[in-house]
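*Asks:* Quick one: the structure is below, and I'll ask about it shortly.
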Amino acid sequence: TQDRECSLQEANEKDSCRSTEHEDGSSHHEKKGRSKFSDPMYQRSLDGKGVYGVQLFDFSRKIKANDGESVLGGGHWVPESDAMIDPDVIDRISTNHSLANYSTTHSVAVFALDVRSNKTPWPKGKQHVHSSRGSMEVPALDFLGAEQWKWFQSALANSHARVNIIVSGLQMHSDRFPNDGNVVEEWSKFPEARDMLYDMILNSGVKSPLLISGDVHMS
């Protein structure tokens, strides 16, 4: 069998690696070519869609502790073609690689959202009046854009990771005065978009979702 996971250190190198386990228990690592031109996040940025993506880390591989005991190790990066979470990767590979190849009990998926490239400009000098919308209708004021929303919904559905971390560069829950997106930039200024994000995560059935956000941006 083949174990295609890589360590965090190896994942940061130019090429990814493949660990092949033989029947006699021995194993070796071979380099598996990887360039930025095959990276889905890089390709989306070239296409002008934004800089967003998902990475998977598998914690099921055992390593030797200081006392010689085998313990569960940390964070082996799983290539996109094995993780099978990114919809753009799934669309371009053959169907015989459609099964995810990682632990579903000791894995973490990290989704990075782009809240810059497709952000709706705030109506200058005006207080926005929020309106109701359909469950999957992109809000009038939005951070992600229709293409990224579609990608995110599919990616969540594809994830079998035990923990799923969603990262945003802007704060989610805070609501600072004034109610002007030109002054204070945070998800609360676009409440329809924030509600859509919450609904999409909660309705996806993804395991153990965790939101991590950055600071508030003020100008």
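Numbering starts fresh at 1 for the residues of each chain in the structure tokens, the chains themselves are lettered A, B, ... in the order given, and ligands are numbered from 1 as they appear.
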Find the residues around segment 204-214 of chain A up to 6 Å (only C-alpha atoms counted), leave out those fewer than 5 positions away in its own chain, and share them as a list of chain:residue names.

*Replies:* A:Ala157, A:Arg162, A:Val163, A:Asn164, A:Ile165, A:Ile166, A:Val167, A:Ser168, A:Gly169, A:Leu170, A:Gln171

*Asks:* Could you check the closest approach to Thr105 of chain A for each of A:His160, A:Gly75, A:Asp88, A:Lys119 and tell me which residue wins, using only C-alpha atoms?

*Replies:*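 Residue with the minimum atom-to-atom distance to Thr105 of chain A: A:His160.
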
*Asks:* Report, in Å to a single decimal, how far apart atom CA of Pro87 of chain A and atom CA of Met41 of chain A are.

*Replies:* 11.3 Å

*Asks:* Quick one: everything within 6 Å of segment 45-52 of chain A, counting only C-alpha atoms, minus sequence neighbours fewer than 5 positions away in the same chain. Send it as a PyMOL selection string.

*Replies:* chain A and resi 112-114+117

*Asks:* Using only C-alpha atoms, which residue out of A:Ser159, A:Arg44, A:Leu144, A:Lys150 lies closest to Ala193 of chain A?

*Replies:*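 For Ala193 of chain A, the nearest of the candidates is A:Leu144.
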
*Asks:* Which residue gives the smallest distance to Ala161 of chain A among A:Val54, A:Val89, A:Leu197, A:Ala109, with only C-alpha atoms counted?

*Replies:*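 Residue with the minimum atom-to-atom distance to Ala161 of chain A: A:Ala109.
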
*Asks:* Using DSSP on the backbone coordinates, identify all residues within segment 136-175 of chain A classified as strand (DSSP E); present the result as an mmCIF file with N, CA, C and O atoms, in the first residue's frame.

*Replies:*
```cif
data_model
loop_
_atom_site.group_PDB
_atom_site.id
_atom_site.type_symbol
_atom_site.label_atom_id
_atom_site.label_comp_id
_atom_site.auth_asym_id
_atom_site.auth_seq_id
_atom_site.Cartn_x
_atom_site.Cartn_y
_atom_site.Cartn_z
ATOM 1 N N VAL A 163 -11.848 17.439 12.114
ATOM 2 C CA VAL A 163 -11.988 18.839 12.507
ATOM 3 C C VAL A 163 -11.845 19.694 11.248
ATOM 4 O O VAL A 163 -10.987 19.435 10.398
ATOM 5 N N ASN A 164 -12.680 20.714 11.127
ATOM 6 C CA ASN A 164 -12.666 21.586 9.959
ATOM 7 C C ASN A 164 -12.558 23.042 10.415
ATOM 8 O O ASN A 164 -13.467 23.564 11.064
ATOM 9 N N ILE A 165 -11.445 23.652 10.078
ATOM 10 C CA ILE A 165 -11.163 25.023 10.499
ATOM 11 C C ILE A 165 -11.398 25.970 9.322
ATOM 12 O O ILE A 165 -10.853 25.765 8.233
ATOM 13 N N ILE A 166 -12.217 26.984 9.549
ATOM 14 C CA ILE A 166 -12.502 27.986 8.520
ATOM 15 C C ILE A 166 -11.845 29.294 8.943
ATOM 16 O O ILE A 166 -12.114 29.811 10.035
ATOM 17 N N VAL A 167 -10.968 29.812 8.097
ATOM 18 C CA VAL A 167 -10.172 30.990 8.433
ATOM 19 C C VAL A 167 -10.639 32.187 7.621
ATOM 20 O O VAL A 167 -10.772 32.114 6.395
ATOM 21 N N SER A 168 -10.879 33.300 8.302
ATOM 22 C CA SER A 168 -11.247 34.565 7.665
ATOM 23 C C SER A 168 -10.338 35.670 8.195
ATOM 24 O O SER A 168 -10.029 35.712 9.381
#
```

*Asks:* In terms of the shortest atom-to-atom distance over only C-alpha atoms, which of A:Asp58, A:Glu80, A:Asp39, A:Asp195 is closest to Thr104 of chain A?

*Replies:* A:Asp58

*Asks:* May I ask for the distance between atom CA of Lys62 of chain A and atom CA of His106 of chain A, given in Å to one decimal place?

*Replies:*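 Atom CA of Lys62 of chain A sits 11.3 Å away from atom CA of His106 of chain A.
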
*Asks:* In Å, with one decimal, what is the gap from atom CA of Glu185 of chain A to atom CA of Asp215 of chain A?

*Replies:* 9.4 Å

*Asks:* Within 7 Å of Met172 of chain A, counting only C-alpha atoms, which residues show up once you throw out same-chain ones fewer than 4 positions away? Write them as a list in words, please.

*Replies:*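 Those residues are Glu186, Trp187, Ser188 and Ser213 of chain A.
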